[in-house]
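Structure record follows, encoded as structure tokens.
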Amino acid sequence: MPVFIINRLFQALGVILVMSVLVFVGLYLIGDPTSMLVSPEATEIERQALRKALGLDQSIWLQYLTFLGNAAQGDFGRSFLTGQPALQLIIERMPATVELVIVAMTFSVVGVPLGILAGLRPKAPSSKAIMTGSILGFSLPNFWIGLMLIMLFAVYLGVLPASARGETVNVGPVAFSILTIDGWQHLALPALTLGLAKAALMIRVTRAATREVLPMDYIKFARAKGLRPSRILNVHLLKNILIPIITVAGLEFGQAIAFAVVTESVFSWPGMGKLLIDSIITLDRPVVVAYLIMMVFFLVILNLVVDILYMAIDPSAREKVRD
Amino acid sequence: MSTPTTVLPTTTVEESPFRRFVVQFRENKLAMAGLILMILLAIPAFGAPWIAPQNPYDIGALDILDSQMPPGSVAEVSGITHWLGTDSQARDVLSAVLYGMRTSLLVAFLSVTVSLLIGSTVGLCAAYFGGWLDALLMRIVDIQLSFPAILVALVMLSVLGQGLDKVIIALIIVQWAYFARTVRGTALVERNREYVLAARCLSLGWRRIIARHLLPNCLPPLIVIATIDLANAIALEATLSFLGVGVPVTQPSLGMLIANGFEFMLSGQYWISFFPGIALALAIVGINLVGDHLRDILNPRNAL
């Protein structure tokens with residue numbers, strides 16, 4: 001087990017390094033940021049001076065090493081637009097995104113009972129309806145679902161706001177919208193948009209796991225023993241389908257943070273996803289690079305944690321690593 | 001395909017796999033509905049230049065007086081009936097939807113075809129040769145698949161810039177890994193079957209074994225993945241275009257049309273976004289209904 005963790009840690013470090021090279025070199029090729037920063041009338045000498053000040057006159061590898069050294073100390077450069085440190089901009093926006101994703105993921109848990117239902121009686125019309133609904137849920141693009149929800153709840157019914165975050169309450173340095181009614185009203189539509197797709201996925205994962213567990217001997221034995229169906233369901237079935245569900249939920253948490261990019265743009269939710277899109281469109285390179293490196297870091301760590309948790313819950317996976 | 005043999009009703013019929021497939025496919029009404037929907041959307045989309053009431057990119061034909069008209073109104077200048085209304089630049093929404101669908105389908109189809117080719121080549125080679133090549137290729141695939149598709153596409157587009165070709169390239173980079181992983185999984189099983197051993201014993205070249213023996217037997221899961229991926233490609237392209245980093249303004253896809261109408265939606269002019277949105281949803285749902293049933297028929301075990 002420790003060998004496995006150390007091994008994975010090194011792999012994770014490797015992935016982060018490779019991705020940082022890709023992101024940095026990729027974005028380096030986009031263009032010359034000096035053309036964005038100086039006025040069109042600036043002379044060549046002024047441009048040269050700026051390039052030198054930003055370190056753009058050095059070779060790309062030297063620039064990368066400088067960048068890596070600074071990044072290791074949490075310095076990703078300053079936004080070309082606002083002049084604030086890029087990392088600070090992202091961290092300021094992070095609570096809004098995390099709050100949205102957590103509410104959405106909590107909502108997506110409704111997919112589990114629906115999935116069990118569909119798995120227990122695969123031929124029933126209700127199960128077919130659930131499965132067809134789940135196809136819609138995860139195949140329709142996120143922004144489309146958001147748009148339809150806005151059309152229904154904000155424009156047609158006029159009961160919920162279509163954009164922005166609403167009233168927040170500060171707990172320490174972090175603002176929460178889940179503590180006010182206005183905040184919940186603003187949170188409802190974006191969280192539903194993000195959560196619907198995740199719920200659809202939960203349905204499919206739960207159904208597949210249920211179908212896999214049902215024919216197992218321990219379920220048959222429990223039935224033969226004459227246990228109540230509710231006990232078989234809640235103990236024997238649920239415990240065993242939890243492993244894939246937790247794995248997928250963990251990985252989907254990362255996906256949801258990334259997909260919040262779309263949801264946040266639709267609802268003008270002031271999270272870090274909206275910041276990324278705005279920065280890509282305005283070519284604010286330090287913010288884009290900082291966001292991506294942070295995201296790579298976060299996703300790699302998340303994968304690692306899910307893998308380790310998986311080891312902890314599932315004894316058979318532990319056996320495999322030991323061999 | 002073997003020529004269909006004349007069938008005597010009393011003997012057991014030796015069906016060709018294709019026949020059996022067609023019969024199985026037709027059993028599911030939802031999937032048939034999806035297929036019909038796909039055809040009904042694809043024909044007018046590809047015929048858009050001939051059947052659309054108006055060329056939405058011909059600025060000369062547009063009259064700003066006809067802008068933002070509700071569905072069903074008749075234009076004063078040209079006398080055209082705008083069944084689905086007009087947008088803020090006086091474009092006929094129906095025509096824009098047809099042209100937009102054409103762009104969306106084209107991007108999706110091209111990107112899926114190329115990623116299919118790249119992905120299956122990588123997957124087949126990884127499975128056939130094994131060893132360090134397999135380890136290396138699959139590590140790359142694993143790393144790529146651990147990042148959300150939307151992020152990879154966003155990074156690619158912020159590196160490449162805007163344009164129809166750039167969107168296609170970004171989609172290929174996002175998608176090839178799915179094909180590679182699926183094909184490798186199937187090919188690993190097939191590689192140890194007797195027919196591959198027989199081909200090896202005949203000392204056929206590796207190119208021939210891969211292309212003529214392995215590939216045809218890996219086709220069923222490939223078809224499933226390609227179908228579902230077509231819908232994913234349409235959805236992803238629409239998302240990128242909606243966010244403003246996808247197709248250029250001169251060639252709007254459905255996603256961009258929806259984005260254009262978004263600001264008018266809140267003031268009640270729903271039709272500018274709504275109809276492209278419906279067209280997009282129909283296309284994606286139609287393809288998914290077909291794909292879902294194909295998965296049930298072709299490979300119940302290798303399902304995603």
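Please note that chains go A, B, ... in the order of the structure tokens, that every chain numbers its residues from 1, and that ligands are numbered from 1 in the order shown.
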
Surrounding residues of A:Met148 excluding itself and chain neighbours under 6 positions, 10 Å, only C-alpha atoms, as a short mmCIF file (atom, residue, chain, number, x, y, z; two decimals) with N, CA and C atoms, in the first residue's frame:
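Listing of around22.cif after writing:
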```
data_model
loop_
_atom_site.label_atom_id
_atom_site.label_comp_id
_atom_site.auth_asym_id
_atom_site.auth_seq_id
_atom_site.Cartn_x
_atom_site.Cartn_y
_atom_site.Cartn_z
N ALA A 154 -37.21 31.52 -15.46
CA ALA A 154 -36.92 32.94 -15.34
C ALA A 154 -37.78 33.77 -16.28
N VAL A 155 -37.98 33.30 -17.52
CA VAL A 155 -38.71 34.12 -18.49
C VAL A 155 -40.21 33.81 -18.45
N THR A 193 -28.89 22.81 -13.27
CA THR A 193 -28.30 22.56 -14.58
C THR A 193 -27.13 21.61 -14.49
N SER B 273 -33.14 31.95 -30.01
CA SER B 273 -32.36 30.85 -29.42
C SER B 273 -33.11 29.54 -29.43
N PHE B 274 -34.44 29.64 -29.25
CA PHE B 274 -35.22 28.45 -28.96
C PHE B 274 -35.17 27.45 -30.11
N GLY B 277 -31.95 25.75 -30.58
CA GLY B 277 -31.81 24.85 -29.44
C GLY B 277 -32.57 23.57 -29.63
N ILE B 278 -33.80 23.68 -30.15
CA ILE B 278 -34.61 22.48 -30.39
C ILE B 278 -33.94 21.61 -31.45
#
```

Practice item. Return as a PyMOL selection string the residues belonging to chain A that are within 9 Å of chain B, counting only C-alpha atoms. Key: chain A and resi 15+23+26-30+132+135-136+139-144+147-148+150-151+154-156+162+251+254-256+258-259+261-262+265-266+277+280-281+283+288+292+296+299-300+303

Practice item. Could you give me, as a list in words, the residues within 10 Å of A:Pro190, counting only C-alpha atoms and dropping anything in the same chain fewer than 3 positions from it? Key: Leu100, Val101, Val103, Ala104, Asn142, Phe143, Ile145, Gly146, Leu149, Ile150, Ala162, Ser163, Ala164, Arg165, Gln185, His186, Leu187, Thr193, Leu194, Gly195, Ala260, Val262, Thr263, Glu264, Ser265, Val266, Phe267, Ser268 and Trp269 of chain A

Point to revise | Residues near B:Leu219, cut-off 12 Å, only C-alpha atoms, skip fewer than 3 positions along chain, as a list of chain:residue names | key: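 Close residues of B:Leu219: B:Leu116, B:Ser120, B:Leu124, B:Phe179, B:Thr182, B:Val183, B:Arg184, B:Thr186, B:Ala187, B:Glu190, B:Ala211, B:Arg212, B:His213, B:Leu214, B:Leu215, B:Pro216, B:Leu222, B:Ile223, B:Val224, B:Ile225, B:Ala226, B:Leu298, B:Asn299.
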
Selected residues written out, N, CA, C and O atoms, as a PDB file, in the first residue's frame:
```pdb
ATOM      1  N   LEU B 116     -11.623   8.504 -35.244  1.00  0.00           N
ATOM      2  CA  LEU B 116     -11.836   7.060 -35.372  1.00  0.00           C
ATOM      3  C   LEU B 116     -10.619   6.401 -36.018  1.00  0.00           C
ATOM      4  O   LEU B 116     -10.111   5.386 -35.542  1.00  0.00           O
ATOM      5  N   SER B 120      -8.318   4.127 -33.693  1.00  0.00           N
ATOM      6  CA  SER B 120      -8.299   2.673 -33.888  1.00  0.00           C
ATOM      7  C   SER B 120      -6.912   2.203 -34.311  1.00  0.00           C
ATOM      8  O   SER B 120      -6.500   1.110 -33.933  1.00  0.00           O
ATOM      9  N   LEU B 124      -5.217  -0.569 -32.042  1.00  0.00           N
ATOM     10  CA  LEU B 124      -4.864  -1.857 -32.641  1.00  0.00           C
ATOM     11  C   LEU B 124      -3.372  -2.137 -32.489  1.00  0.00           C
ATOM     12  O   LEU B 124      -2.965  -3.236 -32.127  1.00  0.00           O
ATOM     13  N   PHE B 179     -11.519   6.279 -28.637  1.00  0.00           N
ATOM     14  CA  PHE B 179     -11.465   5.202 -29.628  1.00  0.00           C
ATOM     15  C   PHE B 179     -10.294   4.283 -29.347  1.00  0.00           C
ATOM     16  O   PHE B 179     -10.421   3.064 -29.413  1.00  0.00           O
ATOM     17  N   THR B 182     -11.095   1.958 -26.396  1.00  0.00           N
ATOM     18  CA  THR B 182     -12.103   0.949 -26.703  1.00  0.00           C
ATOM     19  C   THR B 182     -11.534  -0.134 -27.623  1.00  0.00           C
ATOM     20  O   THR B 182     -11.704  -1.326 -27.377  1.00  0.00           O
ATOM     21  N   VAL B 183     -10.866   0.310 -28.691  1.00  0.00           N
ATOM     22  CA  VAL B 183     -10.347  -0.652 -29.665  1.00  0.00           C
ATOM     23  C   VAL B 183      -9.294  -1.538 -29.032  1.00  0.00           C
ATOM     24  O   VAL B 183      -9.270  -2.748 -29.252  1.00  0.00           O
ATOM     25  N   ARG B 184      -8.457  -0.946 -28.201  1.00  0.00           N
ATOM     26  CA  ARG B 184      -7.411  -1.755 -27.563  1.00  0.00           C
ATOM     27  C   ARG B 184      -8.050  -2.839 -26.714  1.00  0.00           C
ATOM     28  O   ARG B 184      -7.628  -4.007 -26.757  1.00  0.00           O
ATOM     29  N   THR B 186     -10.925  -4.348 -26.987  1.00  0.00           N
ATOM     30  CA  THR B 186     -11.476  -5.432 -27.796  1.00  0.00           C
ATOM     31  C   THR B 186     -10.361  -6.219 -28.469  1.00  0.00           C
ATOM     32  O   THR B 186     -10.379  -7.456 -28.511  1.00  0.00           O
ATOM     33  N   ALA B 187      -9.382  -5.500 -29.011  1.00  0.00           N
ATOM     34  CA  ALA B 187      -8.321  -6.157 -29.774  1.00  0.00           C
ATOM     35  C   ALA B 187      -7.487  -7.069 -28.888  1.00  0.00           C
ATOM     36  O   ALA B 187      -6.986  -8.101 -29.341  1.00  0.00           O
ATOM     37  N   GLU B 190      -9.317 -10.265 -28.891  1.00  0.00           N
ATOM     38  CA  GLU B 190      -9.309 -10.894 -30.215  1.00  0.00           C
ATOM     39  C   GLU B 190      -7.931 -11.430 -30.589  1.00  0.00           C
ATOM     40  O   GLU B 190      -7.806 -12.421 -31.303  1.00  0.00           O
ATOM     41  N   ALA B 211      -5.048  -5.177 -40.221  1.00  0.00           N
ATOM     42  CA  ALA B 211      -6.090  -4.555 -41.039  1.00  0.00           C
ATOM     43  C   ALA B 211      -7.158  -5.548 -41.478  1.00  0.00           C
ATOM     44  O   ALA B 211      -8.339  -5.211 -41.522  1.00  0.00           O
ATOM     45  N   ARG B 212      -6.756  -6.782 -41.797  1.00  0.00           N
ATOM     46  CA  ARG B 212      -7.722  -7.715 -42.387  1.00  0.00           C
ATOM     47  C   ARG B 212      -8.311  -8.689 -41.382  1.00  0.00           C
ATOM     48  O   ARG B 212      -9.360  -9.251 -41.615  1.00  0.00           O
ATOM     49  N   HIS B 213      -7.592  -8.934 -40.281  1.00  0.00           N
ATOM     50  CA  HIS B 213      -8.086  -9.929 -39.328  1.00  0.00           C
ATOM     51  C   HIS B 213      -8.568  -9.302 -38.031  1.00  0.00           C
ATOM     52  O   HIS B 213      -9.661  -9.570 -37.581  1.00  0.00           O
ATOM     53  N   LEU B 214      -7.715  -8.448 -37.430  1.00  0.00           N
ATOM     54  CA  LEU B 214      -8.104  -7.849 -36.149  1.00  0.00           C
ATOM     55  C   LEU B 214      -9.201  -6.807 -36.319  1.00  0.00           C
ATOM     56  O   LEU B 214     -10.231  -6.854 -35.648  1.00  0.00           O
ATOM     57  N   LEU B 215      -8.963  -5.851 -37.222  1.00  0.00           N
ATOM     58  CA  LEU B 215      -9.874  -4.712 -37.350  1.00  0.00           C
ATOM     59  C   LEU B 215     -11.334  -5.119 -37.584  1.00  0.00           C
ATOM     60  O   LEU B 215     -12.222  -4.638 -36.871  1.00  0.00           O
ATOM     61  N   PRO B 216     -11.610  -6.011 -38.550  1.00  0.00           N
ATOM     62  CA  PRO B 216     -13.024  -6.341 -38.792  1.00  0.00           C
ATOM     63  C   PRO B 216     -13.701  -6.909 -37.556  1.00  0.00           C
ATOM     64  O   PRO B 216     -14.890  -6.690 -37.344  1.00  0.00           O
ATOM     65  N   LEU B 222     -16.610  -0.400 -32.084  1.00  0.00           N
ATOM     66  CA  LEU B 222     -16.212   0.844 -32.741  1.00  0.00           C
ATOM     67  C   LEU B 222     -17.425   1.598 -33.279  1.00  0.00           C
ATOM     68  O   LEU B 222     -17.512   2.816 -33.176  1.00  0.00           O
ATOM     69  N   ILE B 223     -18.345   0.835 -33.880  1.00  0.00           N
ATOM     70  CA  ILE B 223     -19.538   1.463 -34.451  1.00  0.00           C
ATOM     71  C   ILE B 223     -20.349   2.135 -33.343  1.00  0.00           C
ATOM     72  O   ILE B 223     -20.812   3.266 -33.484  1.00  0.00           O
ATOM     73  N   VAL B 224     -20.465   1.424 -32.205  1.00  0.00           N
ATOM     74  CA  VAL B 224     -21.227   1.983 -31.091  1.00  0.00           C
ATOM     75  C   VAL B 224     -20.597   3.284 -30.608  1.00  0.00           C
ATOM     76  O   VAL B 224     -21.253   4.322 -30.481  1.00  0.00           O
ATOM     77  N   ILE B 225     -19.285   3.228 -30.343  1.00  0.00           N
ATOM     78  CA  ILE B 225     -18.594   4.399 -29.818  1.00  0.00           C
ATOM     79  C   ILE B 225     -18.679   5.552 -30.813  1.00  0.00           C
ATOM     80  O   ILE B 225     -18.904   6.706 -30.439  1.00  0.00           O
ATOM     81  N   ALA B 226     -18.513   5.243 -32.116  1.00  0.00           N
ATOM     82  CA  ALA B 226     -18.538   6.298 -33.121  1.00  0.00           C
ATOM     83  C   ALA B 226     -19.898   6.976 -33.163  1.00  0.00           C
ATOM     84  O   ALA B 226     -19.989   8.202 -33.287  1.00  0.00           O
ATOM     85  N   LEU B 298     -24.980  -4.760 -30.210  1.00  0.00           N
ATOM     86  CA  LEU B 298     -23.650  -5.147 -30.681  1.00  0.00           C
ATOM     87  C   LEU B 298     -22.719  -5.630 -29.580  1.00  0.00           C
ATOM     88  O   LEU B 298     -21.991  -6.585 -29.761  1.00  0.00           O
ATOM     89  N   ASN B 299     -22.698  -4.943 -28.451  1.00  0.00           N
ATOM     90  CA  ASN B 299     -21.810  -5.436 -27.391  1.00  0.00           C
ATOM     91  C   ASN B 299     -22.346  -5.107 -26.012  1.00  0.00           C
ATOM     92  O   ASN B 299     -22.021  -4.110 -25.419  1.00  0.00           O
TER      93      ASN B 299
END
```

As a short mmCIF file (atom, residue, chain, number, x, y, z; two decimals) with C-alpha atoms, in the first residue's frame, please: the residues near B:Val249 (cut-off 12 Å, only C-alpha atoms, same-chain neighbours under 4 positions excluded).
```
data_model
loop_
_atom_site.label_atom_id
_atom_site.label_comp_id
_atom_site.auth_asym_id
_atom_site.auth_seq_id
_atom_site.Cartn_x
_atom_site.Cartn_y
_atom_site.Cartn_z
CA TYR B 57 -24.91 34.84 -45.07
CA GLY B 100 -26.18 26.00 -38.73
CA THR B 103 -21.98 23.34 -40.03
CA GLN B 162 -10.73 30.41 -33.85
CA GLY B 163 -11.86 28.76 -37.06
CA LEU B 164 -13.79 25.81 -38.39
CA SER B 241 -19.33 27.94 -30.07
CA PHE B 242 -21.80 29.03 -27.41
CA GLY B 244 -17.55 32.15 -28.16
CA VAL B 245 -14.34 30.17 -28.76
CA SER B 253 -23.21 26.61 -36.04
CA LEU B 254 -26.23 25.86 -33.89
CA GLY B 255 -24.29 26.69 -30.73
CA MET B 256 -23.40 30.13 -31.96
CA LEU B 257 -26.96 30.83 -33.12
CA ALA B 259 -25.54 32.32 -28.12
CA ASN B 260 -26.64 35.11 -30.50
#
```

Exercise for review: Could you give me, as JSON, numbers by chain, the residues within 12 Å of B:Ile39, counting only C-alpha atoms and dropping anything in the same chain fewer than 5 positions from it?
Suggested key: {"B": [32, 33, 34, 44, 45, 46, 105, 282, 283, 286, 287, 290]}

Output file for the selection above: all heavy atoms, as a short mmCIF file (atom, residue, chain, number, x, y, z; two decimals), in the first residue's frame:
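The new file result20.cif reads:
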```cif
data_model
loop_
_atom_site.label_atom_id
_atom_site.label_comp_id
_atom_site.auth_asym_id
_atom_site.auth_seq_id
_atom_site.Cartn_x
_atom_site.Cartn_y
_atom_site.Cartn_z
N MET B 32 -35.64 3.22 -33.86
CA MET B 32 -36.09 3.51 -35.23
C MET B 32 -36.50 4.97 -35.33
O MET B 32 -36.17 5.66 -36.31
CB MET B 32 -37.27 2.60 -35.60
CG MET B 32 -36.86 1.22 -36.09
SD MET B 32 -35.62 1.26 -37.38
CE MET B 32 -36.66 1.65 -38.79
N ALA B 33 -37.21 5.45 -34.30
CA ALA B 33 -37.60 6.86 -34.29
C ALA B 33 -36.36 7.75 -34.34
O ALA B 33 -36.32 8.74 -35.07
CB ALA B 33 -38.43 7.16 -33.04
N GLY B 34 -35.32 7.35 -33.58
CA GLY B 34 -34.08 8.12 -33.58
C GLY B 34 -33.44 8.15 -34.96
O GLY B 34 -33.00 9.20 -35.42
N PRO B 44 -32.35 17.94 -44.91
CA PRO B 44 -32.48 19.38 -45.11
C PRO B 44 -31.22 20.15 -44.74
O PRO B 44 -30.94 21.19 -45.34
CB PRO B 44 -33.66 19.77 -44.23
CG PRO B 44 -33.86 18.65 -43.30
CD PRO B 44 -33.35 17.43 -43.95
N ALA B 45 -30.45 19.62 -43.77
CA ALA B 45 -29.24 20.35 -43.38
C ALA B 45 -28.24 20.36 -44.52
O ALA B 45 -27.69 21.41 -44.87
CB ALA B 45 -28.62 19.70 -42.14
N PHE B 46 -28.03 19.19 -45.14
CA PHE B 46 -27.05 19.17 -46.22
C PHE B 46 -27.61 19.77 -47.50
O PHE B 46 -26.87 20.21 -48.36
CB PHE B 46 -26.51 17.76 -46.44
CG PHE B 46 -25.53 17.38 -45.37
CD1 PHE B 46 -25.88 16.55 -44.32
CD2 PHE B 46 -24.25 17.94 -45.38
CE1 PHE B 46 -24.98 16.25 -43.32
CE2 PHE B 46 -23.35 17.65 -44.37
CZ PHE B 46 -23.71 16.80 -43.33
N LEU B 105 -23.14 19.46 -38.15
CA LEU B 105 -23.00 18.07 -38.57
C LEU B 105 -21.67 17.84 -39.27
O LEU B 105 -21.01 16.82 -39.06
CB LEU B 105 -24.15 17.67 -39.50
CG LEU B 105 -25.54 17.55 -38.87
CD1 LEU B 105 -26.57 17.14 -39.91
CD2 LEU B 105 -25.53 16.56 -37.73
N LEU B 282 -32.78 17.79 -30.83
CA LEU B 282 -33.31 16.69 -31.63
C LEU B 282 -32.18 15.87 -32.24
O LEU B 282 -32.20 14.64 -32.23
CB LEU B 282 -34.23 17.23 -32.74
CG LEU B 282 -35.59 17.74 -32.28
CD1 LEU B 282 -36.37 18.28 -33.47
CD2 LEU B 282 -36.38 16.63 -31.60
N ALA B 283 -31.17 16.58 -32.77
CA ALA B 283 -30.05 15.86 -33.39
C ALA B 283 -29.35 14.99 -32.36
O ALA B 283 -29.08 13.80 -32.61
CB ALA B 283 -29.07 16.87 -34.00
N GLY B 286 -31.64 12.09 -31.14
CA GLY B 286 -31.82 11.09 -32.20
C GLY B 286 -30.62 10.16 -32.29
O GLY B 286 -30.76 8.94 -32.30
N ILE B 287 -29.43 10.76 -32.32
CA ILE B 287 -28.22 9.95 -32.44
C ILE B 287 -28.05 9.07 -31.21
O ILE B 287 -27.69 7.90 -31.31
CB ILE B 287 -26.99 10.85 -32.65
CG1 ILE B 287 -27.13 11.61 -33.96
CG2 ILE B 287 -25.71 10.03 -32.64
CD1 ILE B 287 -26.07 12.64 -34.19
N VAL B 290 -30.31 5.98 -31.23
CA VAL B 290 -29.74 4.95 -32.11
C VAL B 290 -28.54 4.29 -31.45
O VAL B 290 -28.44 3.05 -31.39
CB VAL B 290 -29.33 5.58 -33.46
CG1 VAL B 290 -28.59 4.58 -34.31
CG2 VAL B 290 -30.56 6.09 -34.19
#
```

Point to revise | Neighbour list for A:Leu89 as an NGL selection string, cut-off 12 Å, only C-alpha atoms, skip fewer than 4 positions in-chain | key: :A and (75-85 or 93-95 or 270-276 or 279 or 284 or 286-288 or 290-291)

Since we have the selection now, will you write its residues out, keeping N, CA, C and O atoms, as an mmCIF file, in the first residue's frame?
```
data_model
loop_
_atom_site.group_PDB
_atom_site.id
_atom_site.type_symbol
_atom_site.label_atom_id
_atom_site.label_comp_id
_atom_site.auth_asym_id
_atom_site.auth_seq_id
_atom_site.Cartn_x
_atom_site.Cartn_y
_atom_site.Cartn_z
ATOM 1 N N ASP A 75 3.494 31.964 -7.247
ATOM 2 C CA ASP A 75 3.440 33.207 -8.028
ATOM 3 C C ASP A 75 3.264 32.849 -9.502
ATOM 4 O O ASP A 75 4.161 32.324 -10.140
ATOM 5 N N PHE A 76 2.066 33.115 -10.034
ATOM 6 C CA PHE A 76 1.792 32.797 -11.433
ATOM 7 C C PHE A 76 1.798 34.047 -12.303
ATOM 8 O O PHE A 76 1.203 34.089 -13.356
ATOM 9 N N GLY A 77 2.414 35.093 -11.817
ATOM 10 C CA GLY A 77 2.407 36.332 -12.587
ATOM 11 C C GLY A 77 1.145 37.126 -12.328
ATOM 12 O O GLY A 77 0.267 36.693 -11.588
ATOM 13 N N ARG A 78 1.088 38.310 -12.943
ATOM 14 C CA ARG A 78 -0.062 39.173 -12.729
ATOM 15 C C ARG A 78 -0.937 39.212 -13.964
ATOM 16 O O ARG A 78 -0.459 39.067 -15.074
ATOM 17 N N SER A 79 -2.234 39.383 -13.726
ATOM 18 C CA SER A 79 -3.166 39.502 -14.835
ATOM 19 C C SER A 79 -2.797 40.695 -15.700
ATOM 20 O O SER A 79 -2.484 41.767 -15.176
ATOM 21 N N PHE A 80 -2.798 40.512 -17.027
ATOM 22 C CA PHE A 80 -2.505 41.628 -17.926
ATOM 23 C C PHE A 80 -3.588 42.691 -17.815
ATOM 24 O O PHE A 80 -3.364 43.859 -18.080
ATOM 25 N N LEU A 81 -4.782 42.261 -17.428
ATOM 26 C CA LEU A 81 -5.926 43.154 -17.463
ATOM 27 C C LEU A 81 -6.035 43.999 -16.204
ATOM 28 O O LEU A 81 -6.165 45.219 -16.267
ATOM 29 N N THR A 82 -6.002 43.324 -15.043
ATOM 30 C CA THR A 82 -6.243 44.054 -13.801
ATOM 31 C C THR A 82 -4.972 44.325 -13.020
ATOM 32 O O THR A 82 -4.971 45.158 -12.118
ATOM 33 N N GLY A 83 -3.889 43.604 -13.348
ATOM 34 C CA GLY A 83 -2.653 43.807 -12.624
ATOM 35 C C GLY A 83 -2.592 43.064 -11.306
ATOM 36 O O GLY A 83 -1.578 43.078 -10.620
ATOM 37 N N GLN A 84 -3.693 42.390 -10.918
ATOM 38 C CA GLN A 84 -3.677 41.609 -9.678
ATOM 39 C C GLN A 84 -2.924 40.305 -9.913
ATOM 40 O O GLN A 84 -2.875 39.818 -11.047
ATOM 41 N N PRO A 85 -2.379 39.714 -8.852
ATOM 42 C CA PRO A 85 -1.758 38.390 -9.026
ATOM 43 C C PRO A 85 -2.798 37.389 -9.537
ATOM 44 O O PRO A 85 -3.932 37.369 -9.054
ATOM 45 N N ARG A 93 -12.319 33.678 -6.674
ATOM 46 C CA ARG A 93 -13.509 33.168 -7.355
ATOM 47 C C ARG A 93 -13.824 31.729 -6.977
ATOM 48 O O ARG A 93 -14.865 31.214 -7.327
ATOM 49 N N MET A 94 -12.881 31.071 -6.314
ATOM 50 C CA MET A 94 -13.028 29.642 -6.089
ATOM 51 C C MET A 94 -14.235 29.263 -5.224
ATOM 52 O O MET A 94 -14.966 28.332 -5.572
ATOM 53 N N PRO A 95 -14.500 29.975 -4.102
ATOM 54 C CA PRO A 95 -15.627 29.546 -3.257
ATOM 55 C C PRO A 95 -16.947 29.480 -4.021
ATOM 56 O O PRO A 95 -17.729 28.545 -3.807
ATOM 57 N N PRO A 270 -20.335 34.191 -10.775
ATOM 58 C CA PRO A 270 -18.957 34.735 -10.690
ATOM 59 C C PRO A 270 -17.954 33.741 -10.125
ATOM 60 O O PRO A 270 -17.286 34.014 -9.142
ATOM 61 N N GLY A 271 -17.808 32.586 -10.751
ATOM 62 C CA GLY A 271 -16.846 31.589 -10.283
ATOM 63 C C GLY A 271 -15.591 31.617 -11.127
ATOM 64 O O GLY A 271 -15.415 32.479 -11.989
ATOM 65 N N MET A 272 -14.719 30.629 -10.903
ATOM 66 C CA MET A 272 -13.453 30.658 -11.629
ATOM 67 C C MET A 272 -13.609 30.175 -13.069
ATOM 68 O O MET A 272 -12.776 30.486 -13.908
ATOM 69 N N GLY A 273 -14.664 29.429 -13.364
ATOM 70 C CA GLY A 273 -14.898 29.009 -14.742
ATOM 71 C C GLY A 273 -15.195 30.200 -15.639
ATOM 72 O O GLY A 273 -14.673 30.323 -16.745
ATOM 73 N N LYS A 274 -16.047 31.093 -15.133
ATOM 74 C CA LYS A 274 -16.369 32.316 -15.875
ATOM 75 C C LYS A 274 -15.098 33.132 -16.089
ATOM 76 O O LYS A 274 -14.867 33.697 -17.158
ATOM 77 N N LEU A 275 -14.260 33.144 -15.039
ATOM 78 C CA LEU A 275 -12.991 33.865 -15.133
ATOM 79 C C LEU A 275 -12.130 33.288 -16.250
ATOM 80 O O LEU A 275 -11.521 34.024 -17.024
ATOM 81 N N LEU A 276 -12.105 31.952 -16.360
ATOM 82 C CA LEU A 276 -11.296 31.302 -17.394
ATOM 83 C C LEU A 276 -11.770 31.717 -18.786
ATOM 84 O O LEU A 276 -10.965 32.121 -19.628
ATOM 85 N N SER A 279 -10.923 35.205 -19.526
ATOM 86 C CA SER A 279 -9.483 35.376 -19.732
ATOM 87 C C SER A 279 -9.046 34.820 -21.078
ATOM 88 O O SER A 279 -8.148 35.374 -21.710
ATOM 89 N N ASP A 284 -5.833 36.934 -21.639
ATOM 90 C CA ASP A 284 -5.122 37.241 -20.394
ATOM 91 C C ASP A 284 -4.341 35.988 -19.971
ATOM 92 O O ASP A 284 -4.795 35.185 -19.169
ATOM 93 N N PRO A 286 -1.563 35.017 -18.169
ATOM 94 C CA PRO A 286 -1.201 34.499 -16.838
ATOM 95 C C PRO A 286 -2.375 33.858 -16.111
ATOM 96 O O PRO A 286 -2.200 32.845 -15.435
ATOM 97 N N VAL A 287 -3.569 34.410 -16.272
ATOM 98 C CA VAL A 287 -4.725 33.861 -15.569
ATOM 99 C C VAL A 287 -5.077 32.493 -16.152
ATOM 100 O O VAL A 287 -5.352 31.546 -15.406
ATOM 101 N N VAL A 288 -5.046 32.379 -17.499
ATOM 102 C CA VAL A 288 -5.353 31.099 -18.138
ATOM 103 C C VAL A 288 -4.357 30.030 -17.679
ATOM 104 O O VAL A 288 -4.741 28.931 -17.274
ATOM 105 N N ALA A 290 -2.446 30.009 -15.006
ATOM 106 C CA ALA A 290 -2.597 29.721 -13.579
ATOM 107 C C ALA A 290 -3.797 28.822 -13.343
ATOM 108 O O ALA A 290 -3.720 27.850 -12.593
ATOM 109 N N TYR A 291 -4.917 29.123 -14.021
ATOM 110 C CA TYR A 291 -6.125 28.301 -13.854
ATOM 111 C C TYR A 291 -5.846 26.860 -14.277
ATOM 112 O O TYR A 291 -6.189 25.916 -13.568
#
```
